[in-house]
$ cat work-v8.csv   # CSV, C-alpha atoms
chain,number,residue,atom,x,y,z
A,15,MET,CA,3.5,147.9,88.9
A,16,ASN,CA,0.5,150.1,88.4
A,17,LYS,CA,-2.7,149.3,90.2
A,18,PRO,CA,-5.9,151.4,90.0
A,19,LEU,CA,-6.8,153.3,93.2
A,20,ARG,CA,-9.9,151.9,94.9
A,21,GLU,CA,-12.4,153.4,97.2
A,22,SER,CA,-13.5,151.2,100.0
A,23,PRO,CA,-16.5,149.0,99.1
A,24,ILE,CA,-17.7,149.5,102.6
A,25,SER,CA,-18.4,153.0,103.9
A,26,ILE,CA,-15.1,154.0,105.6
A,27,ARG,CA,-17.1,155.4,108.5
A,28,ASP,CA,-18.5,151.9,109.3
A,29,PHE,CA,-15.0,151.0,110.5
A,30,ASP,CA,-14.8,153.7,113.2
A,31,SER,CA,-16.4,151.4,115.8
A,32,SER,CA,-13.7,148.7,115.2
A,33,THR,CA,-10.8,151.0,116.3
A,34,LEU,CA,-9.5,152.1,119.6
A,35,GLU,CA,-11.2,155.5,119.0
A,36,ALA,CA,-14.5,153.8,120.0
A,37,ASP,CA,-15.7,153.5,123.5
A,38,LYS,CA,-16.7,149.8,122.9
A,39,VAL,CA,-14.6,148.2,120.1
A,40,ILE,CA,-16.5,145.8,117.9
A,41,ALA,CA,-15.3,143.3,115.3
A,42,LEU,CA,-14.7,144.1,111.7
A,43,PRO,CA,-17.6,143.5,109.2
A,44,ALA,CA,-17.8,140.0,107.9
A,45,GLU,CA,-17.5,141.3,104.3
A,46,VAL,CA,-13.8,142.1,104.9
A,47,PHE,CA,-13.1,138.4,105.3
A,48,SER,CA,-15.2,137.1,102.5
A,49,THR,CA,-15.8,139.3,99.5
A,50,ASP,CA,-13.7,139.6,96.4
A,51,GLU,CA,-14.4,143.3,96.1
A,52,PHE,CA,-13.0,144.1,99.5
A,53,PHE,CA,-10.0,141.8,99.0
A,54,GLU,CA,-9.0,143.8,95.9
A,55,PHE,CA,-9.3,147.0,97.8
A,56,GLU,CA,-7.3,145.6,100.7
A,57,MET,CA,-4.5,144.4,98.4
A,58,ASN,CA,-3.9,148.0,97.6
A,59,ALA,CA,-4.6,149.5,101.0
A,60,VAL,CA,-2.5,147.1,103.0
A,61,TRP,CA,-0.3,144.9,100.8
A,62,GLY,CA,0.5,147.7,98.4
A,63,HIS,CA,1.7,150.2,100.9
A,64,GLU,CA,3.6,148.3,103.7
A,65,TRP,CA,6.6,146.1,104.3
A,66,PHE,CA,5.7,142.5,104.8
A,67,CYS,CA,7.6,139.2,105.3
A,68,VAL,CA,8.2,136.6,102.6
A,69,GLY,CA,10.6,134.2,104.5
A,70,ARG,CA,14.0,133.8,106.0
A,71,ALA,CA,17.3,134.6,104.2
A,72,ASN,CA,19.0,131.5,105.6
A,73,ASP,CA,16.5,129.3,104.0
A,74,ILE,CA,18.3,130.0,100.7
A,75,PRO,CA,21.9,130.0,101.8
A,76,LYS,CA,23.7,129.3,98.5
A,77,PRO,CA,23.8,131.2,95.2
A,78,GLY,CA,21.0,129.9,93.0
A,79,ASP,CA,18.8,128.8,95.9
A,80,PHE,CA,15.2,129.9,95.4
A,81,TYR,CA,11.7,129.3,96.4
A,82,THR,CA,8.4,130.6,95.0
A,83,ILE,CA,5.5,132.4,96.7
A,84,GLN,CA,2.3,134.1,95.7
A,85,VAL,CA,0.9,137.4,96.9
A,86,GLY,CA,-2.6,138.0,95.7
A,87,LYS,CA,-2.5,137.5,91.9
A,88,ASP,CA,1.3,137.9,91.8
A,89,PRO,CA,3.6,134.9,91.6
A,90,MET,CA,7.1,135.7,92.9
A,91,ILE,CA,10.6,134.1,93.1
A,92,VAL,CA,12.7,134.6,96.2
A,93,ILE,CA,16.3,133.9,95.1
A,94,ARG,CA,20.0,134.4,96.2
A,95,ASN,CA,22.2,135.7,93.4
A,96,ARG,CA,25.9,135.1,92.6
A,97,ASP,CA,26.9,138.0,94.8
A,98,GLY,CA,25.1,136.4,97.8
A,99,ASP,CA,22.3,139.0,97.8
A,100,VAL,CA,18.7,138.0,98.3
A,101,SER,CA,16.1,139.4,95.8
A,102,VAL,CA,12.5,139.0,95.1
A,103,MET,CA,11.3,139.1,91.5
A,104,ALA,CA,8.1,138.6,89.5
A,105,ASN,CA,7.8,134.9,88.5
A,106,VAL,CA,6.3,135.8,85.1
A,107,CYS,CA,8.2,135.5,81.9
A,108,GLN,CA,8.3,138.9,80.1
A,109,HIS,CA,7.6,137.2,76.8
A,110,ARG,CA,4.2,135.5,77.0
A,111,GLY,CA,3.5,135.3,80.7
A,112,MET,CA,4.5,131.8,81.5
A,113,ILE,CA,5.5,131.0,85.1
A,114,VAL,CA,9.3,130.7,85.1
A,115,ALA,CA,10.0,128.7,88.2
A,116,GLU,CA,8.1,126.2,90.3
A,117,LYS,CA,8.3,125.3,94.0
A,118,LYS,CA,11.9,125.5,95.2
A,119,GLY,CA,15.5,124.4,94.3
A,120,ASN,CA,18.8,125.6,93.1
A,121,VAL,CA,19.5,126.8,89.6
A,122,ARG,CA,22.3,128.4,87.6
A,123,ARG,CA,19.9,130.5,85.7
A,124,LEU,CA,16.1,130.9,85.3
A,125,ARG,CA,14.7,129.3,82.1
A,126,CYS,CA,11.1,129.7,81.0
A,127,PRO,CA,9.7,126.3,79.9
A,128,LEU,CA,7.6,127.7,77.1
A,129,HIS,CA,10.2,129.2,74.7
A,130,ALA,CA,13.4,128.9,76.7
A,131,TRP,CA,13.8,132.5,77.4
A,132,THR,CA,16.6,132.5,79.9
A,133,TYR,CA,17.3,135.0,82.8
A,134,ASP,CA,20.3,135.2,85.1
A,135,LEU,CA,20.0,135.2,88.8
A,136,ASN,CA,19.4,138.9,88.9
A,137,GLY,CA,16.4,138.5,86.5
A,138,GLN,CA,18.2,139.9,83.5
A,139,LEU,CA,17.3,138.3,80.1
A,140,ILE,CA,20.4,136.7,78.7
A,141,ALA,CA,19.0,134.4,75.9
A,142,ALA,CA,15.9,134.2,73.8
A,143,PRO,CA,15.9,131.7,70.9
A,144,GLY,CA,15.3,133.5,67.6
A,145,LEU,CA,16.3,136.8,69.0
A,146,SER,CA,19.6,136.6,70.8
A,147,ASP,CA,21.0,134.2,68.1
A,148,ASP,CA,19.7,136.3,65.2
A,149,PRO,CA,22.4,138.8,64.0
A,150,ASN,CA,19.6,140.8,62.3
A,151,SER,CA,17.5,141.1,65.5
A,152,THR,CA,16.8,144.7,66.7
A,153,VAL,CA,15.7,143.5,70.1
A,154,ASP,CA,18.0,144.7,73.0
A,155,LEU,CA,17.9,141.9,75.6
A,156,SER,CA,19.4,144.2,78.2
A,157,ASP,CA,16.1,146.1,78.2
A,158,ILE,CA,14.2,143.0,79.4
A,159,CYS,CA,14.3,141.9,83.0
A,160,LEU,CA,12.0,140.2,85.4
A,161,PRO,CA,10.4,142.9,87.5
A,162,LYS,CA,12.0,143.3,90.9
A,163,ILE,CA,10.3,144.0,94.1
A,164,ARG,CA,12.0,146.2,96.7
A,165,THR,CA,13.7,143.9,99.2
A,166,GLU,CA,15.5,144.4,102.5
A,167,ILE,CA,16.6,142.0,105.2
A,168,TRP,CA,15.5,142.6,108.8
A,169,GLU,CA,16.9,140.4,111.6
A,170,GLY,CA,17.2,137.6,109.0
A,171,PHE,CA,13.7,138.0,107.7
A,172,ILE,CA,13.2,138.8,104.0
A,173,MET,CA,10.9,141.9,103.9
A,174,ILE,CA,9.4,143.4,100.7
A,175,THR,CA,7.2,146.3,99.7
A,176,MET,CA,5.4,147.4,96.6
A,177,ASP,CA,5.7,151.0,97.7
A,178,GLU,CA,9.0,152.6,96.6
A,179,SER,CA,8.3,155.7,98.7
A,180,LEU,CA,8.3,153.9,102.1
A,181,PRO,CA,11.2,154.6,104.5
A,182,PRO,CA,13.6,151.6,105.0
A,183,VAL,CA,12.2,148.8,107.0
A,184,SER,CA,14.7,149.5,109.8
A,185,GLU,CA,12.9,152.8,110.4
A,186,ARG,CA,9.7,150.9,111.2
A,187,LEU,CA,11.2,148.0,113.1
A,188,GLY,CA,14.5,149.4,114.5
A,189,LYS,CA,13.0,149.8,118.0
A,190,LEU,CA,11.7,146.2,117.9
A,191,SER,CA,15.2,145.0,116.9
A,192,ARG,CA,16.6,146.6,120.0
A,193,GLN,CA,13.9,145.2,122.2
A,194,LEU,CA,14.5,141.6,120.9
A,195,ALA,CA,18.3,142.0,120.7
A,196,ASN,CA,19.1,139.3,123.3
A,197,TYR,CA,17.4,136.6,121.1
A,198,LYS,CA,19.9,137.3,118.3
A,199,MET,CA,17.3,136.5,115.7
A,200,ALA,CA,19.5,137.1,112.7
A,201,GLU,CA,21.8,134.3,113.8
A,202,LEU,CA,19.1,131.8,114.5
A,203,ARG,CA,18.2,129.1,111.9
A,204,ALA,CA,15.4,126.6,111.4
A,205,PRO,CA,16.3,122.9,111.1
A,206,ASP,CA,14.2,122.8,107.9
A,207,PRO,CA,13.1,125.5,105.4
A,208,MET,CA,9.6,126.8,105.9
A,209,GLU,CA,6.9,125.0,103.9
A,210,LEU,CA,3.9,127.2,103.0
A,211,GLU,CA,0.5,125.4,102.8
A,212,GLU,CA,-2.6,126.7,101.2
A,213,PHE,CA,-5.8,127.1,103.2
A,214,ASN,CA,-9.4,128.2,102.3
A,215,TRP,CA,-9.8,131.2,104.5
A,216,ASN,CA,-9.0,134.9,104.6
A,217,TRP,CA,-5.5,136.0,105.7
A,218,LYS,CA,-6.7,138.1,108.6
A,219,ILE,CA,-8.1,135.0,110.3
A,220,PHE,CA,-4.5,134.2,111.2
A,221,ASN,CA,-4.2,137.4,113.3
A,222,ASP,CA,-3.2,136.3,116.8
A,223,GLU,CA,-4.7,136.7,120.2
A,224,CYS,CA,-4.7,134.5,123.4
A,225,TYR,CA,-8.3,135.1,124.5
A,226,HIS,CA,-9.0,131.7,122.9
A,227,CYS,CA,-6.1,129.9,124.6
A,228,MET,CA,-8.0,129.3,127.8
A,229,TYR,CA,-11.0,127.9,125.9
A,230,LEU,CA,-10.1,126.3,122.6
A,231,HIS,CA,-6.8,125.0,123.9
A,232,SER,CA,-7.9,124.4,127.5
A,233,SER,CA,-7.0,120.7,127.4
A,234,SER,CA,-4.2,120.6,124.8
A,235,TRP,CA,-2.1,123.7,125.6
A,236,GLY,CA,-3.6,124.0,129.1
A,237,ASP,CA,-2.2,120.6,130.1
A,238,MET,CA,1.3,121.7,129.2
A,239,TYR,CA,1.4,125.4,130.2
A,240,GLU,CA,-0.5,126.9,133.1
A,241,LEU,CA,-3.2,129.2,131.9
A,242,ASN,CA,-5.0,131.4,134.5
A,243,ARG,CA,-7.4,134.1,133.5
A,244,GLY,CA,-6.3,137.4,134.8
A,245,THR,CA,-2.6,136.4,135.5
A,246,THR,CA,-1.2,134.5,132.6
A,247,LEU,CA,-1.9,137.0,129.8
A,248,ASP,CA,-0.2,140.4,129.8
A,249,GLU,CA,-1.2,142.7,126.9
A,250,ALA,CA,0.4,145.8,128.3
A,251,VAL,CA,4.0,145.0,127.1
A,252,GLU,CA,6.7,147.2,125.8
A,253,PHE,CA,6.7,145.9,122.2
A,254,ASN,CA,3.3,147.4,121.4
A,255,ASP,CA,3.4,150.2,118.8
A,256,THR,CA,0.1,150.4,117.1
A,257,GLU,CA,1.1,153.2,114.7
A,258,ARG,CA,3.8,150.9,113.3
A,259,GLY,CA,1.6,147.8,113.2
A,260,ILE,CA,3.4,146.1,116.0
A,261,THR,CA,1.0,144.4,118.5
A,262,SER,CA,2.0,142.1,121.3
A,263,TYR,CA,1.3,140.2,124.5
A,264,ASN,CA,3.3,138.1,126.9
A,265,LEU,CA,2.3,134.8,128.5
A,266,CYS,CA,3.7,135.0,132.1
A,267,SER,CA,5.4,131.7,132.9
A,268,PRO,CA,4.7,129.8,136.1
A,269,HIS,CA,8.5,129.1,136.4
A,270,LYS,CA,11.8,129.8,134.6
A,271,ASP,CA,12.1,128.2,131.2
A,272,ALA,CA,8.5,127.0,131.1
A,273,ALA,CA,7.2,125.9,127.7
A,274,PRO,CA,4.2,124.2,126.2
A,275,THR,CA,5.6,120.6,126.3
A,276,TYR,CA,4.5,117.7,128.4
A,277,THR,CA,7.5,118.2,130.6
A,278,LYS,CA,6.2,121.8,131.1
A,279,SER,CA,9.7,123.1,130.4
A,280,VAL,CA,11.9,123.7,127.3
A,281,LEU,CA,13.4,120.6,125.7
A,282,GLN,CA,16.4,122.5,124.2
A,283,PRO,CA,19.0,124.6,126.0
A,284,ALA,CA,17.9,128.1,126.9
A,285,ILE,CA,19.4,130.9,124.7
A,286,ASP,CA,22.4,131.9,126.8
A,287,SER,CA,22.1,135.7,126.1
A,288,LEU,CA,18.6,136.0,127.6
A,289,THR,CA,17.8,137.8,130.9
A,290,ASP,CA,16.1,136.0,133.7
A,291,GLN,CA,12.9,138.0,132.9
A,292,GLU,CA,13.0,136.8,129.2
A,293,ARG,CA,13.3,133.3,130.4
A,294,THR,CA,10.1,133.6,132.4
A,295,GLN,CA,7.8,134.7,129.6
A,296,LEU,CA,6.7,133.8,126.1
A,297,SER,CA,6.5,137.0,124.0
A,298,TYR,CA,4.1,137.0,121.1
A,299,VAL,CA,4.8,139.9,118.7
A,300,THR,CA,2.8,140.5,115.5
A,301,VAL,CA,4.4,142.6,112.8
A,302,ALA,CA,1.4,143.4,110.7
A,303,PRO,CA,0.3,142.4,108.2
A,304,ASN,CA,1.7,138.9,108.1
A,305,LEU,CA,4.4,138.0,110.7
A,306,LEU,CA,4.0,136.6,114.2
A,307,ILE,CA,7.2,136.3,116.2
A,308,VAL,CA,7.1,134.1,119.3
A,309,ALA,CA,10.2,134.7,121.5
A,310,MET,CA,10.7,131.7,123.9
A,311,PRO,CA,13.5,130.8,126.3
A,312,ASP,CA,15.1,128.3,123.9
A,313,LYS,CA,14.0,129.5,120.5
A,314,VAL,CA,12.1,131.9,118.4
A,315,LYS,CA,9.2,130.6,116.4
A,316,TYR,CA,7.7,132.5,113.6
A,317,PHE,CA,4.4,132.2,111.8
A,318,MET,CA,3.9,133.8,108.3
A,319,TRP,CA,0.9,134.0,106.0
A,320,LEU,CA,0.3,135.5,102.6
A,321,PRO,CA,-3.0,136.4,100.8
A,322,VAL,CA,-4.0,134.6,97.6
A,323,ALA,CA,-7.7,135.4,97.3
A,324,ALA,CA,-10.5,136.6,99.5
A,325,GLN,CA,-10.9,133.1,100.9
A,326,LYS,CA,-7.5,131.6,100.2
A,327,SER,CA,-4.2,132.1,101.9
A,328,LEU,CA,-0.7,130.5,102.4
A,329,TYR,CA,0.5,129.8,105.9
A,330,GLY,CA,3.7,128.3,107.4
A,331,VAL,CA,5.6,128.0,110.7
A,332,GLY,CA,9.3,128.1,111.4
A,333,TRP,CA,11.2,127.1,114.6
A,334,MET,CA,14.6,128.8,114.9
A,335,TYR,CA,17.5,128.0,117.2
A,336,PRO,CA,21.1,128.9,117.8
A,337,GLU,CA,23.6,126.9,115.8
A,338,SER,CA,24.9,125.3,119.0
A,339,THR,CA,21.5,123.9,119.7
A,340,LEU,CA,21.1,122.5,116.1
A,341,ALA,CA,24.5,120.8,116.5
A,342,ARG,CA,23.4,118.8,119.5
A,343,GLU,CA,23.1,115.0,119.1
A,344,ASP,CA,19.7,115.0,120.8
A,345,PHE,CA,18.4,118.0,118.9
A,346,ARG,CA,16.2,116.2,116.4
A,347,GLU,CA,14.8,113.8,119.0
A,348,ASN,CA,13.7,116.7,121.3
A,349,TYR,CA,12.5,118.8,118.3
A,350,ASP,CA,10.3,116.0,117.0
A,351,ARG,CA,8.9,115.4,120.5
A,352,GLU,CA,7.9,119.0,120.9
A,353,VAL,CA,6.3,119.2,117.5
A,354,LYS,CA,4.3,116.1,118.4
A,355,ASP,CA,3.3,117.6,121.8
A,356,LEU,CA,2.0,120.7,120.0
A,357,ALA,CA,0.2,119.0,117.1
A,358,PRO,CA,-3.2,118.9,118.9
A,359,VAL,CA,-2.9,122.7,119.4
A,360,MET,CA,-2.3,123.3,115.7
A,361,GLU,CA,-5.2,121.0,114.8
A,362,GLU,CA,-7.5,123.0,117.0
A,363,ASP,CA,-6.4,126.3,115.4
A,364,LEU,CA,-6.9,124.9,111.9
A,365,TYR,CA,-10.4,123.8,112.9
A,366,ALA,CA,-11.2,127.2,114.4
A,367,TRP,CA,-9.9,129.2,111.4
A,368,SER,CA,-11.9,127.1,109.0
A,369,SER,CA,-15.0,127.4,111.1
A,370,CYS,CA,-14.6,131.2,111.4
A,371,GLN,CA,-14.5,131.5,107.6
A,372,THR,CA,-17.7,129.5,107.3
A,373,GLY,CA,-19.3,131.8,109.8
A,374,TYR,CA,-18.1,134.9,108.0
A,375,ASN,CA,-19.9,133.6,104.8
A,376,SER,CA,-23.2,133.4,106.7
A,377,ASN,CA,-26.0,135.9,106.6
A,378,PHE,CA,-26.0,135.7,110.3
A,379,ALA,CA,-22.4,136.9,110.9
A,380,ASN,CA,-22.4,139.7,113.5
A,381,ARG,CA,-19.9,142.3,114.6
A,382,GLY,CA,-19.6,141.3,118.2
A,383,PRO,CA,-18.0,143.4,121.0
A,384,LEU,CA,-14.3,142.5,121.7
A,385,ALA,CA,-13.4,141.3,125.1
A,386,PRO,CA,-10.9,142.8,127.5
A,387,GLU,CA,-8.4,140.0,126.6
A,388,GLU,CA,-8.5,141.0,122.9
A,389,GLU,CA,-6.5,144.2,123.2
A,390,VAL,CA,-4.1,142.8,120.5
A,391,ILE,CA,-7.0,142.5,118.1
A,392,LYS,CA,-8.2,146.0,118.9
A,393,ARG,CA,-4.8,147.3,118.1
A,394,LEU,CA,-4.5,145.3,114.9
A,395,GLN,CA,-7.9,146.5,113.7
A,396,THR,CA,-6.9,150.1,114.4
A,397,TRP,CA,-3.8,149.7,112.3
A,398,LEU,CA,-5.8,148.1,109.5
A,399,VAL,CA,-8.5,150.7,109.5
A,400,ASN,CA,-5.9,153.4,109.2
A,401,LYS,CA,-4.6,151.7,106.1
A,402,TYR,CA,-8.2,151.5,104.7
A,403,ARG,CA,-8.7,155.2,105.4
A,404,ALA,CA,-5.5,156.1,103.6
A,405,GLU,CA,-6.3,154.1,100.5
A,406,ASP,CA,-9.9,155.4,100.4
A,407,ALA,CA,-8.6,159.0,100.7
A,408,ARG,CA,-6.1,158.4,97.9
A,409,ALA,CA,-8.8,157.1,95.6
A,410,ARG,CA,-11.2,160.0,96.4
A,411,SER,CA,-8.5,162.5,95.8
A,412,ALA,CA,-7.7,161.0,92.5
A,413,VAL,CA,-11.3,161.2,91.4
A,414,ALA,CA,-11.6,164.8,92.6
A,415,ALA,CA,-8.5,165.7,90.6
A,416,GLU,CA,-9.9,164.4,87.3

$ encode --input "work-v8.csv" --output "structure tokens"
Amino acid sequence: MNKPLRESPISIRDFDSSTLEADKVIALPAEVFSTDEFFEFEMNAVWGHEWFCVGRANDIPKPGDFYTIQVGKDPMIVIRNRDGDVSVMANVCQHRGMIVAEKKGNVRRLRCPLHAWTYDLNGQLIAAPGLSDDPNSTVDLSDICLPKIRTEIWEGFIMITMDESLPPVSERLGKLSRQLANYKMAELRAPDPMELEEFNWNWKIFNDECYHCMYLHSSSWGDMYELNRGTTLDEAVEFNDTERGITSYNLCSPHKDAAPTYTKSVLQPAIDSLTDQERTQLSYVTVAPNLLIVAMPDKVKYFMWLPVAAQKSLYGVGWMYPESTLAREDFRENYDREVKDLAPVMEEDLYAWSSCQTGYNSNFANRGPLAPEEEVIKRLQTWLVNKYRAEDARARSAVAAE
């Protein structure tokens, strides 16, 4: 896939004050959340040169299981082949551009609805009416395949990149694997596959911090989990690695196995491999650009988002547990109860994200100073700006070489 290099539509120097290099870090310009021009630049700068998450491998356990996603303008199929391997391919027929598959399901082969061009589970074209059944045809079907995106599995997460030159994802996230080893994430499974929903705001609005927890969620979350400014939030945690796009904070629990439920404790058994320390904290770990891992005493939640357009994105949440927890007779009752308890928190987040996008579209949007409790945002902005700088430099070098 060849995309033209793009210089930043915003002077790259304007971003300096939004990084940890500045004495007082300020927010990113509103244009990075709202304009089509910057979105196209960012699709190259960030999404074209980094590993990012597109789901969980155990959401498609059987050969032929698949689901579809979209990243920017590119529709994709995430599928498990006959050998049991997971791959990600372009969801675009190589004949006339028809979308090959819709939503999710299980198939023996992929068949384009328009002219019945048929591909195997590896994306190889195996039949094309008028070509494959014509003895005089000179078309070699073995030369035609759905374009494949580089794919690796990390801790059960399906990770892809458009950049063939990047080191393996384990090089970037190997240390994080060791730090989260006691949660055994690769073995955890959600009771239901993730459902991605479409929302009308920029993907960066999902970037997580807990400065807002004590205000936006003061009644909902605050009634279930003790929030005290200066003691609950710890942003100086071991997971942080700004260079690799890993930013994190812990919520320090008032007691062992505390959780945001109306019992103030976990509703499922604690993961038996965790240390006492791990059972007295909630660890929020963002793997930029689009994965938030929340390691809790009884489960690991994950939040994933994908960019579609400057003001459109996909978003989903998964709750993952050990198989022993999923097998309990009371699992679904307790799971449903916790989902219900947290529903008001989710509604508040959706309201806030929508409102922020409205504000970013305003002529009065301002680059305000970031608060001490927004260290995670300062780190994320620094990582992003370094991506912007790299793309802008590539584009300028290409122009200079012409």

$ residues_around --input "work-v8.csv" --residues "Pro268 (chain A)" --least-positions-apart "5" --cutoff "10 Å" --atoms "all atoms listed in the file" --output "list of chain:residue names"
A:Tyr239, A:Glu240, A:Leu241, A:Asn242, A:Thr245, A:Thr246, A:Ala273, A:Lys278, A:Thr294, A:Gln295

$ write_last_selection --input "work-v8.csv" --atoms "C-alpha atoms" --output "JSON list (two decimals), in the coordinates of the input"
[["chain", "number", "residue", "atom", "x", "y", "z"],
["A", 239, "TYR", "CA", 1.40, 125.40, 130.20],
["A", 240, "GLU", "CA", -0.50, 126.90, 133.10],
["A", 241, "LEU", "CA", -3.20, 129.20, 131.90],
["A", 242, "ASN", "CA", -5.00, 131.40, 134.50],
["A", 245, "THR", "CA", -2.60, 136.40, 135.50],
["A", 246, "THR", "CA", -1.20, 134.50, 132.60],
["A", 273, "ALA", "CA", 7.20, 125.90, 127.70],
["A", 278, "LYS", "CA", 6.20, 121.80, 131.10],
["A", 294, "THR", "CA", 10.10, 133.60, 132.40],
["A", 295, "GLN", "CA", 7.80, 134.70, 129.60]]

$ residues_around --input "work-v8.csv" --residues "region 65-76 of chain A" --least-positions-apart "5" --cutoff "6 Å" --atoms "only C-alpha atoms" --output "list in words"
Gly170, Phe171, Ile172, Met173, Ile174, Thr175 and Pro207 of chain A

$ closest_residue --input "work-v8.csv" --among "A:Phe378, A:Leu247, A:Val390, A:Glu252" --to "Leu306 (chain A)" --atoms "only C-alpha atoms"
A:Val390

$ residues_around --input "work-v8.csv" --residues "Met208 (chain A)" --least-positions-apart "2" --cutoff "12 Å" --atoms "all atoms listed in the file" --output "ChimeraX atom specification"
/A:68-74,81-83,118,203-206,210-211,315-319,328-334

$ write_last_selection --input "work-v8.csv" --atoms "C-alpha atoms" --output "mmCIF file, in the coordinates of the input"
data_model
loop_
_atom_site.group_PDB
_atom_site.id
_atom_site.type_symbol
_atom_site.label_atom_id
_atom_site.label_comp_id
_atom_site.auth_asym_id
_atom_site.auth_seq_id
_atom_site.Cartn_x
_atom_site.Cartn_y
_atom_site.Cartn_z
ATOM 1 C CA VAL A 68 8.200 136.600 102.600
ATOM 2 C CA GLY A 69 10.600 134.200 104.500
ATOM 3 C CA ARG A 70 14.000 133.800 106.000
ATOM 4 C CA ALA A 71 17.300 134.600 104.200
ATOM 5 C CA ASN A 72 19.000 131.500 105.600
ATOM 6 C CA ASP A 73 16.500 129.300 104.000
ATOM 7 C CA ILE A 74 18.300 130.000 100.700
ATOM 8 C CA TYR A 81 11.700 129.300 96.400
ATOM 9 C CA THR A 82 8.400 130.600 95.000
ATOM 10 C CA ILE A 83 5.500 132.400 96.700
ATOM 11 C CA LYS A 118 11.900 125.500 95.200
ATOM 12 C CA ARG A 203 18.200 129.100 111.900
ATOM 13 C CA ALA A 204 15.400 126.600 111.400
ATOM 14 C CA PRO A 205 16.300 122.900 111.100
ATOM 15 C CA ASP A 206 14.200 122.800 107.900
ATOM 16 C CA LEU A 210 3.900 127.200 103.000
ATOM 17 C CA GLU A 211 0.500 125.400 102.800
ATOM 18 C CA LYS A 315 9.200 130.600 116.400
ATOM 19 C CA TYR A 316 7.700 132.500 113.600
ATOM 20 C CA PHE A 317 4.400 132.200 111.800
ATOM 21 C CA MET A 318 3.900 133.800 108.300
ATOM 22 C CA TRP A 319 0.900 134.000 106.000
ATOM 23 C CA LEU A 328 -0.700 130.500 102.400
ATOM 24 C CA TYR A 329 0.500 129.800 105.900
ATOM 25 C CA GLY A 330 3.700 128.300 107.400
ATOM 26 C CA VAL A 331 5.600 128.000 110.700
ATOM 27 C CA GLY A 332 9.300 128.100 111.400
ATOM 28 C CA TRP A 333 11.200 127.100 114.600
ATOM 29 C CA MET A 334 14.600 128.800 114.900
#

$ closest_residue --input "work-v8.csv" --among "A:Gly137, A:Pro274, A:Gly259, A:Pro127" --to "Ala357 (chain A)" --atoms "all atoms listed in the file"
A:Pro274

$ residues_around --input "work-v8.csv" --residues "Ile140 (chain A)" --least-positions-apart "5" --cutoff "12 Å" --atoms "all atoms listed in the file" --output "ChimeraX atom specification"
/A:123-126,130-135,145-147,153-160

$ closest_residue --input "work-v8.csv" --among "A:Glu347, A:Phe80, A:Asp99, A:Ser411" --to "Val114 (chain A)" --atoms "only C-alpha atoms"
A:Phe80

$ residues_around --input "work-v8.csv" --residues "Asp255 (chain A)" --least-positions-apart "6" --cutoff "12 Å" --atoms "all atoms listed in the file" --output "PDB file with C-alpha atoms, in the coordinates of the input"
ATOM      1  CA  ARG A 186       9.700 150.900 111.200  1.00  0.00           C
ATOM      2  CA  LEU A 187      11.200 148.000 113.100  1.00  0.00           C
ATOM      3  CA  GLY A 188      14.500 149.400 114.500  1.00  0.00           C
ATOM      4  CA  LYS A 189      13.000 149.800 118.000  1.00  0.00           C
ATOM      5  CA  LEU A 190      11.700 146.200 117.900  1.00  0.00           C
ATOM      6  CA  GLU A 249      -1.200 142.700 126.900  1.00  0.00           C
ATOM      7  CA  THR A 261       1.000 144.400 118.500  1.00  0.00           C
ATOM      8  CA  SER A 262       2.000 142.100 121.300  1.00  0.00           C
ATOM      9  CA  TYR A 263       1.300 140.200 124.500  1.00  0.00           C
ATOM     10  CA  VAL A 299       4.800 139.900 118.700  1.00  0.00           C
ATOM     11  CA  THR A 300       2.800 140.500 115.500  1.00  0.00           C
ATOM     12  CA  VAL A 301       4.400 142.600 112.800  1.00  0.00           C
ATOM     13  CA  ALA A 302       1.400 143.400 110.700  1.00  0.00           C
ATOM     14  CA  VAL A 390      -4.100 142.800 120.500  1.00  0.00           C
ATOM     15  CA  ARG A 393      -4.800 147.300 118.100  1.00  0.00           C
ATOM     16  CA  LEU A 394      -4.500 145.300 114.900  1.00  0.00           C
ATOM     17  CA  THR A 396      -6.900 150.100 114.400  1.00  0.00           C
ATOM     18  CA  TRP A 397      -3.800 149.700 112.300  1.00  0.00           C
TER      19      TRP A 397
END

$ closest_atom_pairs --input "work-v8.csv" --of "region 133-233 of chain A" --to "region 37-45 of chain A" --cutoff "12 Å" --atoms "all atoms listed in the file" --output "Markdown table"
| residue | atom | partner | partner_atom | distance |
| --- | --- | --- | --- | --- |
| A:Asn216 | CA | A:Glu45 | CA | 10.6 |
| A:Lys218 | CA | A:Leu42 | CA | 10.5 |
| A:Ile219 | CA | A:Ala44 | CA | 11.2 |

$ atom_distance --input "work-v8.csv" --atom1 "CA of Pro23 (chain A)" --atom2 "CA of Glu51 (chain A)"
6.8 Å

$ atom_distance --input "work-v8.csv" --atom1 "CA of Ile167 (chain A)" --atom2 "CA of Val353 (chain A)"
27.9 Å

$ closest_residue --input "work-v8.csv" --among "A:Val121, A:Met103, A:Pro143, A:Ile113" --to "Arg164 (chain A)" --atoms "all atoms listed in the file"
A:Met103
